[in-house]
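Structure file protein-v1.cif (mmCIF, C-alpha atoms) is printed below.
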data_input
loop_
_atom_site.label_atom_id
_atom_site.label_comp_id
_atom_site.auth_asym_id
_atom_site.auth_seq_id
_atom_site.Cartn_x
_atom_site.Cartn_y
_atom_site.Cartn_z
CA MET A 1 -81.73 -45.03 62.22
CA ARG A 2 -79.49 -48.09 62.31
CA ILE A 3 -79.48 -48.19 58.51
CA LYS A 4 -78.39 -44.56 58.34
CA SER A 5 -75.62 -45.23 60.88
CA ALA A 6 -74.43 -48.24 58.91
CA ILE A 7 -74.40 -46.23 55.69
CA SER A 8 -72.41 -43.48 57.42
CA ILE A 9 -69.86 -45.98 58.74
CA ILE A 10 -69.49 -47.61 55.32
CA SER A 11 -69.02 -44.21 53.70
CA LEU A 12 -66.30 -43.29 56.19
CA VAL A 13 -64.53 -46.62 55.59
CA LEU A 14 -64.65 -46.14 51.83
CA LEU A 15 -63.31 -42.58 52.11
CA SER A 16 -60.52 -43.81 54.36
CA LEU A 17 -59.61 -46.58 51.91
CA ALA A 18 -59.63 -44.10 49.03
CA GLY A 19 -57.26 -41.85 50.95
CA ILE A 20 -54.91 -44.75 51.68
CA LEU A 21 -54.90 -45.86 48.04
CA GLN A 22 -54.24 -42.31 46.85
CA SER A 23 -51.37 -41.97 49.32
CA GLU A 24 -49.85 -45.27 48.18
CA ALA A 25 -50.14 -44.20 44.54
CA GLN A 26 -48.28 -40.97 45.32
CA GLU A 27 -45.56 -42.95 47.10
CA THR A 28 -44.97 -45.22 44.10
CA LYS A 29 -44.98 -42.28 41.68
CA ARG A 30 -42.14 -40.62 43.56
CA LEU A 31 -39.98 -43.48 42.25
CA GLY A 32 -39.19 -43.36 38.54
CA LEU A 33 -37.00 -45.24 36.09
CA ASN A 34 -35.51 -44.36 32.72
CA THR A 35 -36.31 -46.74 29.87
CA THR A 36 -36.85 -46.66 26.10
CA LEU A 37 -39.63 -47.40 23.63
CA ARG A 38 -37.70 -50.51 22.64
CA ASN A 39 -36.96 -51.85 26.13
CA PHE A 40 -40.07 -51.04 28.15
CA GLY A 41 -42.00 -54.17 27.18
CA GLU A 42 -39.15 -56.38 28.39
CA GLU A 43 -38.61 -54.32 31.54
CA LEU A 44 -42.25 -53.95 32.60
CA LYS A 45 -42.24 -56.96 34.95
CA ASP A 46 -39.13 -55.71 36.75
CA VAL A 47 -40.56 -52.19 36.94
CA GLN A 48 -43.58 -53.61 38.75
CA GLN A 49 -41.47 -55.69 41.12
CA LEU A 50 -39.47 -52.61 42.07
CA GLY A 51 -42.64 -50.69 42.86
CA VAL A 52 -41.77 -47.94 40.41
CA GLY A 53 -44.76 -45.79 39.48
CA ALA A 54 -43.28 -43.58 36.75
CA ILE A 55 -41.07 -44.02 33.69
CA ARG A 56 -39.15 -41.56 31.54
CA VAL A 57 -38.93 -42.34 27.83
CA PRO A 58 -36.99 -40.47 25.12
CA LEU A 59 -39.21 -39.70 22.12
CA PRO A 60 -37.39 -38.70 18.91
CA TRP A 61 -40.17 -37.50 16.67
CA GLN A 62 -38.72 -39.23 13.58
CA LEU A 63 -39.84 -42.52 15.14
CA VAL A 64 -43.49 -41.56 14.63
CA LYS A 65 -43.25 -39.12 11.73
CA ILE A 66 -44.13 -40.65 8.35
CA ARG A 67 -44.15 -37.35 6.47
CA PRO A 68 -44.87 -33.75 7.49
CA GLY A 69 -48.16 -33.72 9.37
CA GLU A 70 -48.65 -37.50 9.25
CA TYR A 71 -47.63 -39.78 12.14
CA ASP A 72 -47.63 -43.45 13.12
CA TRP A 73 -48.61 -43.61 16.79
CA SER A 74 -48.77 -47.40 17.10
CA THR A 75 -45.56 -47.87 19.13
CA ILE A 76 -46.47 -45.12 21.59
CA ASP A 77 -50.05 -46.39 21.86
CA ARG A 78 -48.78 -49.86 22.86
CA LEU A 79 -46.41 -48.45 25.46
CA LEU A 80 -49.07 -46.20 26.93
CA LYS A 81 -51.61 -49.01 27.13
CA SER A 82 -49.14 -51.29 28.92
CA ALA A 83 -48.15 -48.55 31.34
CA GLN A 84 -51.71 -47.48 32.11
CA THR A 85 -52.75 -51.08 32.77
CA LYS A 86 -50.13 -51.15 35.52
CA ARG A 87 -50.86 -47.58 36.68
CA ILE A 88 -47.43 -46.36 35.62
CA GLU A 89 -47.14 -42.68 34.67
CA ILE A 90 -45.15 -41.65 31.59
CA LEU A 91 -42.81 -38.72 31.06
CA PHE A 92 -41.85 -38.31 27.39
CA THR A 93 -38.59 -36.50 26.65
CA ILE A 94 -39.46 -34.86 23.34
CA ARG A 95 -36.34 -34.68 21.20
CA THR A 96 -36.11 -32.31 18.26
CA THR A 97 -33.47 -34.64 16.88
CA PHE A 98 -32.56 -33.31 13.49
CA TRP A 99 -30.08 -36.15 13.03
CA GLU A 100 -27.24 -35.82 10.53
CA GLU A 101 -27.25 -39.19 8.88
CA ASP A 102 -24.25 -39.03 6.57
CA LYS A 103 -21.22 -41.14 7.47
CA LYS A 104 -18.88 -38.29 8.26
CA HIS A 105 -21.12 -37.39 11.21
CA ASN A 106 -21.55 -40.92 12.61
CA ARG A 107 -19.66 -40.01 15.77
CA GLN A 108 -22.36 -37.38 16.46
CA ARG A 109 -25.33 -39.60 15.74
CA GLY A 110 -28.10 -39.00 18.23
CA ALA A 111 -27.00 -35.45 18.87
CA THR A 112 -29.45 -32.71 18.06
CA GLN A 113 -28.74 -30.45 15.10
CA ILE A 114 -31.01 -27.43 15.19
CA LYS A 115 -31.82 -25.89 11.83
CA SER A 116 -32.43 -22.19 11.63
CA SER A 117 -35.29 -22.69 9.20
CA PRO A 118 -38.59 -21.47 10.71
CA VAL A 119 -40.30 -24.29 8.81
CA ALA A 120 -38.41 -26.84 10.94
CA LEU A 121 -39.65 -25.26 14.18
CA LYS A 122 -43.18 -24.96 12.82
CA GLU A 123 -43.17 -28.64 11.85
CA TRP A 124 -41.90 -29.68 15.29
CA ILE A 125 -44.58 -27.61 17.03
CA HIS A 126 -47.23 -29.25 14.84
CA PHE A 127 -45.95 -32.64 16.03
CA VAL A 128 -46.00 -31.58 19.69
CA GLU A 129 -49.57 -30.33 19.32
CA ALA A 130 -50.64 -33.61 17.71
CA LEU A 131 -48.87 -35.61 20.45
CA ALA A 132 -50.45 -33.66 23.32
CA ASN A 133 -53.87 -33.78 21.66
CA ARG A 134 -53.73 -37.55 21.13
CA TYR A 135 -52.86 -38.29 24.77
CA ARG A 136 -54.82 -35.45 26.36
CA GLY A 137 -56.17 -36.26 29.81
CA GLN A 138 -54.27 -39.56 30.07
CA GLY A 139 -51.71 -38.46 32.66
CA VAL A 140 -48.84 -38.09 30.19
CA ASN A 141 -46.18 -35.48 31.01
CA TYR A 142 -43.63 -33.90 28.69
CA GLU A 143 -39.99 -32.84 28.91
CA ILE A 144 -38.65 -30.59 26.17
CA GLU A 145 -35.18 -31.82 25.17
CA ASN A 146 -32.30 -33.22 27.21
CA GLU A 147 -29.12 -31.67 28.69
CA VAL A 148 -29.03 -28.77 26.26
CA ASN A 149 -25.94 -27.28 27.92
CA GLY A 150 -23.80 -30.10 26.51
CA GLU A 151 -22.95 -30.87 22.88
CA ALA A 152 -23.63 -34.59 23.32
CA PHE A 153 -27.37 -33.92 22.91
CA TRP A 154 -27.79 -30.40 21.58
CA LYS A 155 -26.04 -28.45 18.85
CA GLY A 156 -28.16 -25.32 18.93
CA THR A 157 -27.77 -22.05 20.80
CA LEU A 158 -29.40 -21.04 24.06
CA GLU A 159 -31.68 -18.70 22.11
CA HIS A 160 -32.80 -21.59 19.89
CA TYR A 161 -33.66 -23.63 22.96
CA LEU A 162 -35.56 -20.86 24.73
CA GLU A 163 -37.66 -20.38 21.59
CA LEU A 164 -38.34 -24.11 21.49
CA LEU A 165 -39.23 -24.31 25.19
CA LYS A 166 -41.64 -21.37 25.11
CA ALA A 167 -43.42 -22.59 21.98
CA GLY A 168 -43.59 -26.19 23.20
CA TYR A 169 -44.91 -25.23 26.63
CA ASP A 170 -47.60 -22.96 25.23
CA VAL A 171 -48.95 -25.50 22.78
CA ILE A 172 -48.96 -28.38 25.30
CA LYS A 173 -50.73 -26.36 28.00
CA ARG A 174 -53.29 -25.09 25.50
CA VAL A 175 -54.12 -28.62 24.35
CA ASP A 176 -53.76 -30.49 27.67
CA PRO A 177 -53.76 -28.06 30.63
CA LYS A 178 -53.31 -30.84 33.21
CA ALA A 179 -50.14 -32.20 31.61
CA LYS A 180 -46.92 -31.26 33.38
CA VAL A 181 -44.21 -29.71 31.21
CA LEU A 182 -40.53 -29.88 32.15
CA PRO A 183 -37.62 -27.96 30.63
CA SER A 184 -34.38 -29.69 29.78
CA ALA A 185 -32.25 -30.58 32.78
CA MET A 186 -28.62 -29.51 32.71
CA GLY A 187 -25.79 -31.97 32.37
CA CYS A 188 -24.42 -31.72 35.91
CA GLY A 189 -20.79 -32.26 34.87
CA ILE A 190 -20.00 -35.42 36.84
CA VAL A 191 -17.49 -36.59 34.21
CA ARG A 192 -15.90 -33.20 33.57
CA ASN A 193 -13.30 -33.51 36.41
CA VAL A 194 -13.17 -29.78 37.03
CA GLN A 195 -10.28 -28.55 39.15
CA LEU A 196 -11.12 -26.32 42.09
CA GLY A 197 -10.50 -22.58 42.04
CA GLY A 198 -11.02 -20.45 38.97
CA ALA A 199 -11.79 -23.49 36.80
CA ARG A 200 -14.75 -24.32 39.01
CA SER A 201 -16.27 -20.88 38.49
CA GLU A 202 -15.86 -21.43 34.75
CA ALA A 203 -17.68 -24.74 35.11
CA TRP A 204 -20.58 -23.00 36.82
CA LYS A 205 -20.76 -20.56 33.92
CA TRP A 206 -21.15 -23.54 31.57
CA HIS A 207 -24.02 -24.70 33.77
CA ASP A 208 -25.68 -21.53 35.10
CA ASN A 209 -25.45 -19.47 31.93
CA TRP A 210 -27.92 -21.96 30.47
CA LEU A 211 -30.04 -22.84 33.49
CA GLN A 212 -30.72 -19.34 34.81
CA PRO A 213 -32.30 -18.06 31.55
CA ILE A 214 -34.29 -21.29 31.27
CA LEU A 215 -35.64 -20.92 34.81
CA SER A 216 -36.42 -17.26 34.17
CA THR A 217 -38.85 -18.13 31.35
CA LYS A 218 -41.17 -19.87 33.86
CA LYS A 219 -42.45 -21.88 30.90
CA TYR A 220 -42.62 -25.16 32.81
CA ASP A 221 -44.45 -26.75 35.73
CA VAL A 222 -41.59 -28.71 37.32
CA VAL A 223 -37.89 -27.90 37.73
CA ASN A 224 -35.88 -30.65 36.06
CA VAL A 225 -32.56 -31.88 37.53
CA HIS A 226 -29.92 -34.46 36.61
CA ASN A 227 -27.75 -35.19 39.65
CA TYR A 228 -25.01 -37.81 39.57
CA TYR A 229 -22.92 -36.33 42.37
CA PHE A 230 -22.16 -38.61 45.29
CA PRO A 231 -23.93 -38.25 48.65
CA SER A 232 -20.81 -39.40 50.55
CA ASP A 233 -17.21 -40.66 50.13
CA ILE A 234 -16.46 -38.82 46.86
CA GLU A 235 -16.52 -35.05 46.36
CA ALA A 236 -16.36 -34.64 42.58
CA ASN A 237 -15.66 -31.15 41.23
CA GLY A 238 -16.04 -29.87 44.78
CA LEU A 239 -19.69 -30.98 44.82
CA THR A 240 -21.87 -33.56 46.52
CA PHE A 241 -25.41 -34.72 45.78
CA ARG A 242 -26.75 -32.39 48.47
CA SER A 243 -24.67 -29.32 47.56
CA TYR A 244 -25.64 -29.62 43.89
CA LEU A 245 -29.34 -29.69 44.82
CA GLU A 246 -28.81 -26.73 47.13
CA HIS A 247 -27.25 -24.84 44.23
CA ILE A 248 -30.37 -25.54 42.14
CA HIS A 249 -32.52 -24.24 45.01
CA ASN A 250 -30.48 -21.02 45.08
CA LEU A 251 -30.95 -20.50 41.34
CA MET A 252 -34.68 -21.08 41.76
CA LYS A 253 -34.82 -18.38 44.43
CA LYS A 254 -33.01 -15.94 42.14
CA SER A 255 -35.64 -16.65 39.49
CA GLY A 256 -38.51 -16.09 41.94
CA LEU A 257 -39.90 -19.60 41.54
CA GLY A 258 -41.06 -20.12 45.10
CA GLU A 259 -42.17 -23.66 45.83
CA ARG A 260 -42.20 -25.07 42.32
CA PRO A 261 -41.67 -28.87 42.46
CA ILE A 262 -38.35 -30.53 41.61
CA TRP A 263 -37.98 -33.84 39.78
CA VAL A 264 -34.58 -35.50 39.53
CA THR A 265 -35.15 -37.22 36.19
CA GLU A 266 -31.70 -38.80 36.07
CA THR A 267 -29.51 -40.12 38.85
CA GLY A 268 -27.41 -43.22 39.33
CA TYR A 269 -24.16 -44.56 40.72
CA ILE A 270 -21.43 -46.76 39.35
CA SER A 271 -21.07 -50.34 40.60
CA VAL A 272 -17.44 -50.70 39.43
CA PRO A 273 -14.45 -48.32 39.46
CA ALA A 274 -14.82 -45.81 36.62
CA ASP A 275 -12.58 -43.11 35.17
CA ALA A 276 -13.88 -39.55 34.85
CA LYS A 277 -11.22 -37.85 32.72
CA GLY A 278 -8.43 -38.69 35.12
CA ARG A 279 -10.45 -38.83 38.33
CA MET A 280 -11.01 -42.42 39.43
CA ASP A 281 -14.36 -42.99 41.16
CA ASN A 282 -14.17 -46.25 43.08
CA GLY A 283 -17.60 -47.78 42.80
CA SER A 284 -18.77 -51.23 43.90
CA PRO A 285 -22.16 -52.97 44.19
CA GLU A 286 -22.21 -52.32 47.94
CA LYS A 287 -21.28 -48.65 47.57
CA GLN A 288 -23.86 -48.24 44.82
CA ALA A 289 -26.62 -49.40 47.19
CA LYS A 290 -25.34 -47.16 49.98
CA TRP A 291 -25.13 -44.12 47.69
CA LEU A 292 -28.64 -44.76 46.35
CA THR A 293 -30.07 -44.92 49.87
CA GLU A 294 -28.27 -41.78 51.00
CA ALA A 295 -29.04 -39.76 47.86
CA TYR A 296 -32.75 -40.64 47.84
CA GLN A 297 -33.10 -39.79 51.51
CA GLN A 298 -31.28 -36.47 51.03
CA ALA A 299 -33.43 -35.66 48.00
CA PHE A 300 -36.72 -36.31 49.77
CA ASP A 301 -35.49 -34.39 52.83
CA LEU A 302 -34.79 -31.42 50.54
CA GLY A 303 -38.31 -31.58 49.10
CA VAL A 304 -37.67 -33.38 45.81
CA GLU A 305 -41.00 -34.73 44.58
CA ARG A 306 -39.79 -37.51 42.29
CA ILE A 307 -36.56 -39.35 41.34
CA TYR A 308 -35.84 -41.43 38.22
CA TRP A 309 -32.93 -43.92 38.36
CA LEU A 310 -30.91 -44.07 35.14
CA LEU A 311 -30.61 -47.78 34.32
CA LEU A 312 -32.48 -50.97 35.16
CA HIS A 313 -29.75 -53.11 33.55
CA ASP A 314 -26.12 -52.37 32.74
CA ARG A 315 -25.27 -51.34 29.18
CA LYS A 316 -22.11 -50.66 27.22
CA GLU A 317 -21.37 -47.00 27.88
CA PRO A 318 -18.34 -45.16 29.30
CA TYR A 319 -18.70 -44.28 32.98
CA PHE A 320 -22.50 -44.59 33.22
CA GLY A 321 -22.78 -48.18 31.92
CA SER A 322 -22.46 -49.94 35.29
CA MET A 323 -25.28 -47.97 36.93
CA GLY A 324 -27.84 -50.74 36.44
CA LEU A 325 -29.86 -51.93 39.41
CA ALA A 326 -29.07 -55.29 37.84
CA ASP A 327 -26.19 -56.44 35.65
CA ALA A 328 -26.56 -56.92 31.89
CA LYS A 329 -27.85 -60.47 32.45
CA GLY A 330 -30.58 -59.29 34.79
CA ASN A 331 -29.00 -60.36 38.09
CA PRO A 332 -30.08 -57.85 40.75
CA ARG A 333 -27.50 -55.94 42.75
CA PRO A 334 -27.94 -54.70 46.35
CA ALA A 335 -29.17 -51.38 44.91
CA TRP A 336 -32.27 -53.24 43.66
CA ASP A 337 -33.51 -53.81 47.21
CA ALA A 338 -32.22 -50.41 48.31
CA LEU A 339 -34.60 -48.75 45.85
CA LYS A 340 -37.54 -50.89 46.94
CA GLN A 341 -37.28 -49.60 50.51
CA PHE A 342 -38.50 -46.19 49.31
CA ARG A 343 -41.83 -47.55 48.03
#

Once more with this new file: its structure as structure tokens, please.
Amino acid sequence: MRIKSAISIISLVLLSLAGILQSEAQETKRLGLNTTLRNFGEELKDVQQLGVGAIRVPLPWQLVKIRPGEYDWSTIDRLLKSAQTKRIEILFTIRTTFWEEDKKHNRQRGATQIKSSPVALKEWIHFVEALANRYRGQGVNYEIENEVNGEAFWKGTLEHYLELLKAGYDVIKRVDPKAKVLPSAMGCGIVRNVQLGGARSEAWKWHDNWLQPILSTKKYDVVNVHNYYFPSDIEANGLTFRSYLEHIHNLMKKSGLGERPIWVTETGYISVPADAKGRMDNGSPEKQAKWLTEAYQQAFDLGVERIYWLLLHDRKEPYFGSMGLADAKGNPRPAWDALKQFR
């Protein structure tokens, strides 16, 4: 009898520990960070120290494509192995990335140039199928393209993108049903400096005329959001972090999405004053930490499931370049510790 009681007690303790560990894992996975295939190895130690449980990595398929139907997976395999060893979940942003390599288009390098050829789409779908099949059951999630409502990343039409999203979603879910698929987030317009009034309604057309049809496809598992609006102090384009998220919620209701989860896969705040097409946003390291704390708390209060900060370290880039949790030399800012409090 005593043996049975002891076994029962041990079983209860083990179940309790399992529940605690699962809860802690979920807490760390609600914190994400953007990185790259090139930088992740160097940033892994810092990612662990921050308690981040998820990373978002852009994946241009030319990096693994040798020739049509033949791929070199070695770089992705190494990244995945390192991440899995540390129990870090990966979200790949699959880029179609038909780059125009000639010199006259250098200023557009990295932007997506969609070709109308059905062979191009067929080849891309073959790659997506091979990718999902290779990493099936390994907790890898997929995002199909990035900020398609802006020309910085996408040169195709809305119809091109909807075709891509539907085909990509169907093939991923067929191959790996447990993988989560995200549509492209919209560029939120933080650097557009839209004037209030009629111009603001035009800005929403630029945003909603893309997002509403995307949401209406229901070819995704998670609603994807990029939100750089400020939670306090600065009302840019008449919007705040909270009001932008509330607008997304309203669009979701119009599309009949119910309680579908939301991931904010890009957010961040400047640590120095930065110009947004004539609007000066007065950032500082102290304000950056305050904004991070307020935005994350607002997001979780509004039911956001996961948030990915844009930069671990500063980089050379207009407006967004000072959003690092640390400077370019790796010196942490107050925002570093502000993020850790959400673990």

Hey, which of A:Asn149, A:Val171, A:Ala185, A:Lys178 ends up closest to Lys205 of chain A? Count all atoms listed in the file.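 For Lys205 of chain A, the nearest of the given residues is A:Asn149.
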
Do you know which residues the PyMOL selection byres ((chain A and resi 321) around 12) returns on this file, as a list in words?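 Given this file, the PyMOL selection byres ((chain A and resi 321) around 12) evaluates to Gly268, Tyr269, Ile270, Ser271, Val272, Pro273, Ala274, Asp275, Leu310, Leu311, Leu312, His313, Asp314, Arg315, Lys316, Glu317, Pro318, Tyr319, Phe320, Ser322, Met323, Gly324, Leu325, Ala326, Asp327 and Ala328 of chain A.
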
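Straight-line separation from atom CA of Lys290 of chain A to atom CA of Arg333 of chain A: 11.6 Å.
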
Please enumerate the residues selected by the PyMOL selection byres ((chain A and resi 249-252) around 10) when evaluated against the supplied file, formatted as a VMD selection string. chain A and resid 208 211 to 212 215 to 216 223 243 to 248 253 to 260 262 302

Pick from A:Gly283, A:Pro183, A:Gly137, A:Gly168 nearest to His226 of chain A, counting all atoms listed in the file: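 Among A:Gly283, A:Pro183, A:Gly137, A:Gly168, it is A:Pro183 that comes nearest to His226 of chain A.
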
Work out how far atom CA of Pro231 of chain A is from atom CA of Pro285 of chain A, in Å to one decimal.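 Atom-to-atom, atom CA of Pro285 of chain A and atom CA of Pro231 of chain A are spaced 15.5 Å apart.
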
Mind telling me what the PyMOL selection byres ((chain A and resi 39-47) around 9) catches here, as a VMD selection string? chain A and resid 33 35 to 38 48 to 53 55 57 79 82 to 83 86 312

Save segment 129-142 of chain A of the structure in the block above to a file, with C-alpha atoms included, as a compact mmCIF listing (two decimals), in the first residue's frame.
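The file below, out.txt, is the result:
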# COMPACT_ATOMS: atom_id res chain seq x y z
CA GLU A 129 7.38 21.51 -50.73
CA ALA A 130 10.98 20.28 -50.47
CA LEU A 131 11.64 22.69 -47.57
CA ALA A 132 8.56 21.66 -45.59
CA ASN A 133 9.22 17.98 -46.26
CA ARG A 134 12.84 18.19 -45.08
CA TYR A 135 11.95 19.85 -41.77
CA ARG A 136 8.60 18.14 -41.22
CA GLY A 137 7.73 17.59 -37.56
CA GLN A 138 10.67 19.67 -36.29
CA GLY A 139 8.67 22.66 -35.07
CA VAL A 140 9.58 24.92 -37.99
CA ASN A 141 7.02 27.57 -38.99
CA TYR A 142 6.75 29.48 -42.25
